[in-house]
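Pasted below: entry-v3.cif, mmCIF, C-alpha atoms.
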```cif
data_data
loop_
_atom_site.label_atom_id
_atom_site.label_comp_id
_atom_site.auth_asym_id
_atom_site.auth_seq_id
_atom_site.Cartn_x
_atom_site.Cartn_y
_atom_site.Cartn_z
CA MET T 1 0.00 0.00 0.00
CA THR T 2 1.37 3.38 -0.97
CA ILE T 3 0.42 6.51 0.94
CA HIS T 4 0.77 9.76 -1.00
CA SER T 5 1.36 13.16 0.55
CA SER T 6 -1.49 15.66 0.22
CA LYS T 7 0.51 17.63 -2.37
CA HIS T 8 1.16 14.52 -4.41
CA GLN T 9 -2.52 13.54 -4.09
CA ASP T 10 -3.53 16.95 -5.47
CA ASP T 11 -1.29 16.37 -8.49
CA VAL T 12 -2.83 12.94 -9.03
CA ASP T 13 -6.36 14.35 -8.85
CA LYS T 14 -5.48 17.19 -11.21
CA ASN T 15 -3.98 14.78 -13.76
CA ALA T 16 -6.97 12.49 -13.45
CA ARG T 17 -9.39 15.35 -14.11
CA SER T 18 -7.52 17.00 -16.93
CA SER T 19 -8.82 14.77 -19.70
CA TYR T 20 -12.40 15.75 -18.83
CA PHE T 21 -12.23 19.27 -17.42
CA ASN T 22 -10.00 20.67 -20.16
CA LEU T 23 -12.39 19.76 -22.96
CA PRO T 24 -13.81 22.64 -25.00
CA ALA T 25 -17.33 23.86 -24.28
CA LEU T 26 -20.15 21.81 -25.77
CA ASP T 27 -21.64 23.32 -28.92
CA ILE T 28 -25.35 23.32 -28.03
CA SER T 29 -26.41 24.27 -31.57
CA VAL T 30 -25.00 20.95 -32.79
CA ALA T 31 -25.92 18.72 -29.86
CA PHE T 32 -29.43 20.15 -29.33
CA PRO T 33 -30.57 22.41 -32.17
CA GLN T 34 -34.03 22.88 -30.66
CA ALA T 35 -32.42 24.88 -27.83
CA THR T 36 -31.31 27.66 -30.17
CA PRO T 37 -33.40 30.27 -32.02
CA ALA T 38 -34.59 28.61 -35.19
CA SER T 39 -35.38 30.48 -38.37
CA LYS T 40 -36.03 27.03 -39.82
CA PHE T 41 -37.22 24.40 -37.36
CA PRO T 42 -35.53 20.97 -37.65
CA PRO T 43 -37.73 18.78 -39.86
CA CYS T 44 -39.20 15.45 -38.77
CA ALA T 45 -36.57 12.94 -39.86
CA SER T 46 -38.55 9.72 -39.65
CA ASP T 47 -41.81 7.98 -38.89
CA TYR T 48 -40.26 5.20 -36.83
CA TYR T 49 -43.56 3.80 -35.54
CA GLN T 50 -45.30 4.23 -38.91
CA PHE T 51 -47.78 6.57 -37.28
CA ASP T 52 -48.70 8.07 -40.64
CA ASP T 53 -50.41 4.83 -41.59
CA LEU T 54 -52.81 5.20 -38.65
CA LEU T 55 -54.08 8.65 -39.66
CA THR T 56 -56.97 9.37 -41.97
CA SER T 57 -56.48 11.84 -44.79
CA GLU T 58 -58.35 14.48 -42.76
CA GLU T 59 -56.10 13.92 -39.73
CA GLN T 60 -52.98 14.11 -41.89
CA ALA T 61 -54.22 17.39 -43.35
CA VAL T 62 -54.76 18.84 -39.88
CA ARG T 63 -51.28 17.78 -38.82
CA MET T 64 -49.57 19.29 -41.85
CA LYS T 65 -51.51 22.55 -41.53
CA VAL T 66 -50.53 22.92 -37.88
CA ARG T 67 -46.93 21.84 -38.52
CA GLU T 68 -46.45 24.37 -41.30
CA CYS T 69 -47.78 27.24 -39.17
CA MET T 70 -45.73 26.31 -36.11
CA GLU T 71 -42.48 25.88 -38.03
CA LYS T 72 -42.83 29.03 -40.12
CA GLU T 73 -44.60 31.43 -37.78
CA ILE T 74 -43.82 30.36 -34.22
CA ALA T 75 -40.39 28.67 -34.21
CA PRO T 76 -38.42 31.76 -35.32
CA ILE T 77 -39.74 33.97 -32.50
CA MET T 78 -40.32 31.72 -29.47
CA ALA T 79 -36.76 31.60 -28.10
CA GLU T 80 -36.86 35.39 -27.70
CA TYR T 81 -40.13 35.23 -25.76
CA TRP T 82 -38.87 32.41 -23.57
CA GLU T 83 -35.88 34.54 -22.65
CA LYS T 84 -38.17 37.47 -21.78
CA ALA T 85 -40.66 35.21 -19.94
CA GLU T 86 -43.45 36.68 -22.05
CA PHE T 87 -46.19 35.27 -24.25
CA PRO T 88 -46.46 36.41 -27.90
CA PHE T 89 -50.05 37.58 -27.96
CA HIS T 90 -49.74 38.66 -31.57
CA VAL T 91 -49.64 35.00 -32.68
CA ILE T 92 -53.09 34.20 -31.24
CA PRO T 93 -54.89 35.08 -34.52
CA LYS T 94 -52.51 32.70 -36.36
CA LEU T 95 -53.35 29.93 -33.90
CA GLY T 96 -57.03 30.75 -34.22
CA ALA T 97 -56.83 30.41 -38.00
CA LEU T 98 -55.70 26.80 -37.57
CA ARG T 99 -59.22 25.92 -36.37
CA VAL T 100 -58.07 23.53 -33.65
CA ALA T 101 -59.57 25.24 -30.58
CA GLY T 102 -62.49 23.15 -29.38
CA GLY T 103 -60.89 19.94 -30.62
CA THR T 104 -63.54 17.22 -30.64
CA ILE T 105 -66.49 19.51 -29.86
CA LYS T 106 -69.12 19.43 -32.60
CA GLY T 107 -71.22 22.46 -33.47
CA TYR T 108 -71.04 25.97 -32.03
CA GLY T 109 -68.33 26.86 -34.55
CA CYS T 110 -65.98 24.19 -33.19
CA PRO T 111 -63.94 21.93 -35.53
CA GLY T 112 -65.39 18.57 -34.44
CA HIS T 113 -62.11 16.69 -35.00
CA SER T 114 -61.67 13.05 -34.13
CA VAL T 115 -59.89 12.35 -30.84
CA THR T 116 -56.78 11.44 -32.84
CA GLY T 117 -57.02 14.55 -34.99
CA ALA T 118 -57.36 16.81 -31.95
CA ALA T 119 -54.44 15.08 -30.21
CA ILE T 120 -52.13 15.24 -33.23
CA ALA T 121 -52.81 18.97 -33.60
CA ILE T 122 -51.73 19.60 -30.00
CA ALA T 123 -48.70 17.33 -30.47
CA GLU T 124 -47.57 19.41 -33.47
CA ILE T 125 -47.93 22.62 -31.47
CA ALA T 126 -45.98 21.15 -28.54
CA ARG T 127 -43.25 19.89 -30.87
CA VAL T 128 -42.29 23.50 -31.57
CA ASP T 129 -43.27 25.23 -28.32
CA ALA T 130 -44.63 23.86 -25.05
CA SER T 131 -46.00 27.22 -23.90
CA CYS T 132 -48.23 27.51 -26.96
CA SER T 133 -49.53 23.97 -26.46
CA THR T 134 -50.25 24.70 -22.78
CA PHE T 135 -52.11 27.85 -23.80
CA ILE T 136 -54.28 25.89 -26.26
CA LEU T 137 -54.82 22.91 -23.94
CA VAL T 138 -56.05 25.08 -21.06
CA HIS T 139 -58.27 27.10 -23.37
CA SER T 140 -59.62 24.18 -25.40
CA SER T 141 -59.36 20.85 -23.59
CA LEU T 142 -60.12 22.23 -20.13
CA ALA T 143 -62.30 25.33 -20.37
CA MET T 144 -64.12 24.80 -23.67
CA LEU T 145 -64.68 21.07 -23.15
CA THR T 146 -66.05 21.68 -19.66
CA ILE T 147 -68.59 24.12 -21.06
CA ALA T 148 -69.45 21.71 -23.91
CA LEU T 149 -69.92 18.71 -21.59
CA CYS T 150 -71.49 20.35 -18.55
CA GLY T 151 -72.78 23.76 -19.56
CA SER T 152 -76.34 24.71 -20.37
CA GLU T 153 -77.37 25.25 -23.96
CA GLU T 154 -77.45 28.98 -23.27
CA GLN T 155 -73.86 28.89 -22.02
CA LYS T 156 -72.69 26.87 -25.02
CA GLN T 157 -74.27 29.32 -27.43
CA LYS T 158 -72.88 32.28 -25.50
CA TYR T 159 -69.27 31.20 -25.05
CA LEU T 160 -68.16 28.50 -27.47
CA PRO T 161 -68.36 30.25 -30.89
CA SER T 162 -66.05 33.08 -29.84
CA LEU T 163 -63.71 30.73 -27.98
CA ALA T 164 -63.46 28.47 -31.03
CA GLN T 165 -62.18 31.41 -33.07
CA LEU T 166 -59.81 32.49 -30.27
CA ASN T 167 -61.55 35.85 -30.35
CA THR T 168 -61.92 35.36 -26.60
CA ILE T 169 -59.61 33.36 -24.34
CA ALA T 170 -60.58 31.04 -21.49
CA CYS T 171 -58.94 29.75 -18.33
CA TRP T 172 -59.89 26.88 -16.01
CA ALA T 173 -59.51 27.44 -12.27
CA LEU T 174 -59.43 24.31 -10.13
CA THR T 175 -56.09 24.30 -8.28
CA GLU T 176 -55.82 25.87 -4.83
CA PRO T 177 -52.80 26.63 -2.61
CA ALA T 178 -53.79 24.28 0.22
CA TYR T 179 -55.00 21.21 -1.66
CA GLY T 180 -53.59 21.47 -5.16
CA SER T 181 -55.93 19.91 -7.73
CA ASP T 182 -57.85 17.73 -5.29
CA ALA T 183 -61.36 18.71 -6.34
CA SER T 184 -62.98 16.98 -3.35
CA ALA T 185 -61.13 19.25 -0.91
CA LEU T 186 -61.76 22.65 -2.48
CA ASN T 187 -62.13 25.57 -0.08
CA THR T 188 -63.46 28.09 -2.61
CA THR T 189 -67.18 28.59 -2.03
CA ALA T 190 -70.05 29.75 -4.22
CA THR T 191 -73.04 31.39 -2.57
CA LYS T 192 -76.24 32.09 -4.52
CA VAL T 193 -77.39 35.68 -4.32
CA GLU T 194 -79.91 37.72 -6.23
CA GLY T 195 -78.67 38.08 -9.80
CA GLY T 196 -75.82 35.58 -9.58
CA TRP T 197 -73.22 34.03 -7.31
CA ILE T 198 -70.55 35.21 -4.90
CA LEU T 199 -67.34 33.19 -5.15
CA GLU T 200 -64.87 33.37 -2.27
CA GLY T 201 -61.50 31.64 -2.08
CA GLN T 202 -58.03 31.39 -3.57
CA LYS T 203 -56.78 29.81 -6.78
CA ARG T 204 -53.18 29.23 -7.84
CA TRP T 205 -51.21 28.28 -10.96
CA ILE T 206 -54.11 28.96 -13.34
CA GLY T 207 -52.87 29.09 -16.92
CA ASN T 208 -54.21 32.01 -19.01
CA SER T 209 -55.79 33.57 -15.92
CA THR T 210 -54.05 36.94 -16.14
CA PHE T 211 -55.52 37.69 -19.56
CA ALA T 212 -58.52 35.38 -19.98
CA ASP T 213 -61.91 36.73 -21.06
CA VAL T 214 -63.90 33.69 -19.87
CA LEU T 215 -63.20 32.09 -16.50
CA VAL T 216 -64.38 28.58 -15.60
CA ILE T 217 -64.01 28.43 -11.82
CA PHE T 218 -64.66 25.42 -9.61
CA ALA T 219 -66.12 26.06 -6.17
CA ARG T 220 -68.18 24.37 -3.47
CA ASN T 221 -71.87 25.25 -3.58
CA THR T 222 -72.72 26.39 -0.05
CA THR T 223 -76.30 25.16 -0.41
CA THR T 224 -75.69 21.64 -1.78
CA ASN T 225 -72.02 21.15 -0.73
CA GLN T 226 -71.37 19.95 -4.29
CA ILE T 227 -68.41 21.04 -6.39
CA ASN T 228 -69.75 23.07 -9.32
CA GLY T 229 -68.16 24.95 -12.22
CA TYR T 230 -68.99 28.60 -12.81
CA ALA T 231 -68.39 30.30 -16.16
CA ASN T 232 -68.42 34.05 -16.35
CA GLN T 233 -67.02 36.95 -18.33
CA SER T 234 -67.40 39.59 -15.63
CA ILE T 235 -65.90 38.08 -12.48
CA LYS T 236 -63.80 40.53 -10.51
CA PHE T 237 -60.96 38.82 -8.69
CA VAL T 238 -57.63 39.49 -7.04
CA LEU T 239 -54.54 37.45 -7.91
CA LEU T 240 -52.78 36.27 -4.76
#
```

Kindly present the structure from the file in structure tokens form.
Amino acid sequence: MTIHSSKHQDDVDKNARSSYFNLPALDISVAFPQATPASKFPPCASDYYQFDDLLTSEEQAVRMKVRECMEKEIAPIMAEYWEKAEFPFHVIPKLGALRVAGGTIKGYGCPGHSVTGAAIAIAEIARVDASCSTFILVHSSLAMLTIALCGSEEQKQKYLPSLAQLNTIACWALTEPAYGSDASALNTTATKVEGGWILEGQKRWIGNSTFADVLVIFARNTTTNQINGYANQSIKFVLL
């Protein structure tokens, strides 16, 4: 057994590390091109699982329409907005023109896509930018679908056509600071009063909430103790 002095041990450690620590910096643009601003987004290189064969012609058309828009219109600008921690509101009309908001909902100006068609549209958006896909998912799959499945006919007629065009934006408020997304434990209450409802409570981490026009808020009905959803365009609230 050989015991080295501390000085000699430092030399050994330095020599052992030199082959790794003295390497040049990794070129991110080569190793991970998606992490750099892209004037031309990297194309899909393969269809390894032969997914194309599973899509109908209509679903393939939806995918290509969304892919073209995301690669040409969104990819070149999104890195800048990520760095600024901002959302590019000027692209909302371009996303609205894709006619994907509302997904599988039929009627009321919604596209009525198949489940696969709606999913592949979101996948193409997420492929280029996760924030845009989150924006659409909250608006479409949470808020709009809740109104379509659970809303009255009057509410569907009032809200869905404008939401489908992205002329108005929706958010979906379930999560609370104390219980997260456990709907059975919500503390927010809804009390019936003349002319409407009073909602009292706190919500957290609600996507689109700072700029949404339509709010779908979940609260406990103080009369029935049931958890209900409340859609409104004129709720006044304070962000906490």

**OP:** Could you jot down the CA of Ser162 (chain T) to CA of Arg204 (chain T) separation for me, Å, one decimal place?
**Re:** 25.8 Å

Subject >> Point-to-point distance in Å for CA of Met64 (chain T) and CA of Ala45 (chain T) >> reply: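 For CA of Ala45 (chain T) relative to CA of Met64 (chain T), the distance reads 14.6 Å.
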
Subject >> Residue members of the PyMOL selection byres ((chain T and resi 209-224) around 10) in the file shown, as an NGL selection string >> reply: :T and (138-139 or 142-144 or 146-147 or 159 or 163 or 167-175 or 183-192 or 197 or 199-201 or 203-208 or 225-235 or 239)

Original post:
What is the distance, in Å and to one decimal place, between CA of Lys94 (chain T) and CA of Phe135 (chain T)?
Top reply: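 The value is 13.5 Å.
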
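Using only C-alpha atoms, the protein and nucleic acid residues lying no more than 12 Å from Leu54 (chain T), apart from those fewer than 4 places from it along its own chain, are Asp47, Tyr49, Gln50, Glu58, Glu59, Gln60, Thr116, Gly117 and Ile120 of chain T.
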
Selection result for the PyMOL selection byres ((chain T and resi 105) around 12) on this file, as a PDB file with C-alpha atoms, keeping the file's coordinate frame:
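File part.pdb, as written:
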```pdb
ATOM      1  CA  ARG T  99     -59.220  25.920 -36.370  1.00  0.00           C
ATOM      2  CA  VAL T 100     -58.070  23.530 -33.650  1.00  0.00           C
ATOM      3  CA  ALA T 101     -59.570  25.240 -30.580  1.00  0.00           C
ATOM      4  CA  GLY T 102     -62.490  23.150 -29.380  1.00  0.00           C
ATOM      5  CA  GLY T 103     -60.890  19.940 -30.620  1.00  0.00           C
ATOM      6  CA  THR T 104     -63.540  17.220 -30.640  1.00  0.00           C
ATOM      7  CA  LYS T 106     -69.120  19.430 -32.600  1.00  0.00           C
ATOM      8  CA  GLY T 107     -71.220  22.460 -33.470  1.00  0.00           C
ATOM      9  CA  TYR T 108     -71.040  25.970 -32.030  1.00  0.00           C
ATOM     10  CA  GLY T 109     -68.330  26.860 -34.550  1.00  0.00           C
ATOM     11  CA  CYS T 110     -65.980  24.190 -33.190  1.00  0.00           C
ATOM     12  CA  PRO T 111     -63.940  21.930 -35.530  1.00  0.00           C
ATOM     13  CA  GLY T 112     -65.390  18.570 -34.440  1.00  0.00           C
ATOM     14  CA  HIS T 113     -62.110  16.690 -35.000  1.00  0.00           C
ATOM     15  CA  SER T 114     -61.670  13.050 -34.130  1.00  0.00           C
ATOM     16  CA  VAL T 115     -59.890  12.350 -30.840  1.00  0.00           C
ATOM     17  CA  GLY T 117     -57.020  14.550 -34.990  1.00  0.00           C
ATOM     18  CA  ALA T 118     -57.360  16.810 -31.950  1.00  0.00           C
ATOM     19  CA  SER T 140     -59.620  24.180 -25.400  1.00  0.00           C
ATOM     20  CA  SER T 141     -59.360  20.850 -23.590  1.00  0.00           C
ATOM     21  CA  LEU T 142     -60.120  22.230 -20.130  1.00  0.00           C
ATOM     22  CA  ALA T 143     -62.300  25.330 -20.370  1.00  0.00           C
ATOM     23  CA  MET T 144     -64.120  24.800 -23.670  1.00  0.00           C
ATOM     24  CA  LEU T 145     -64.680  21.070 -23.150  1.00  0.00           C
ATOM     25  CA  THR T 146     -66.050  21.680 -19.660  1.00  0.00           C
ATOM     26  CA  ILE T 147     -68.590  24.120 -21.060  1.00  0.00           C
ATOM     27  CA  ALA T 148     -69.450  21.710 -23.910  1.00  0.00           C
ATOM     28  CA  LEU T 149     -69.920  18.710 -21.590  1.00  0.00           C
ATOM     29  CA  LYS T 156     -72.690  26.870 -25.020  1.00  0.00           C
ATOM     30  CA  LEU T 160     -68.160  28.500 -27.470  1.00  0.00           C
ATOM     31  CA  PRO T 161     -68.360  30.250 -30.890  1.00  0.00           C
ATOM     32  CA  LEU T 163     -63.710  30.730 -27.980  1.00  0.00           C
ATOM     33  CA  ALA T 164     -63.460  28.470 -31.030  1.00  0.00           C
TER      34      ALA T 164
END
```
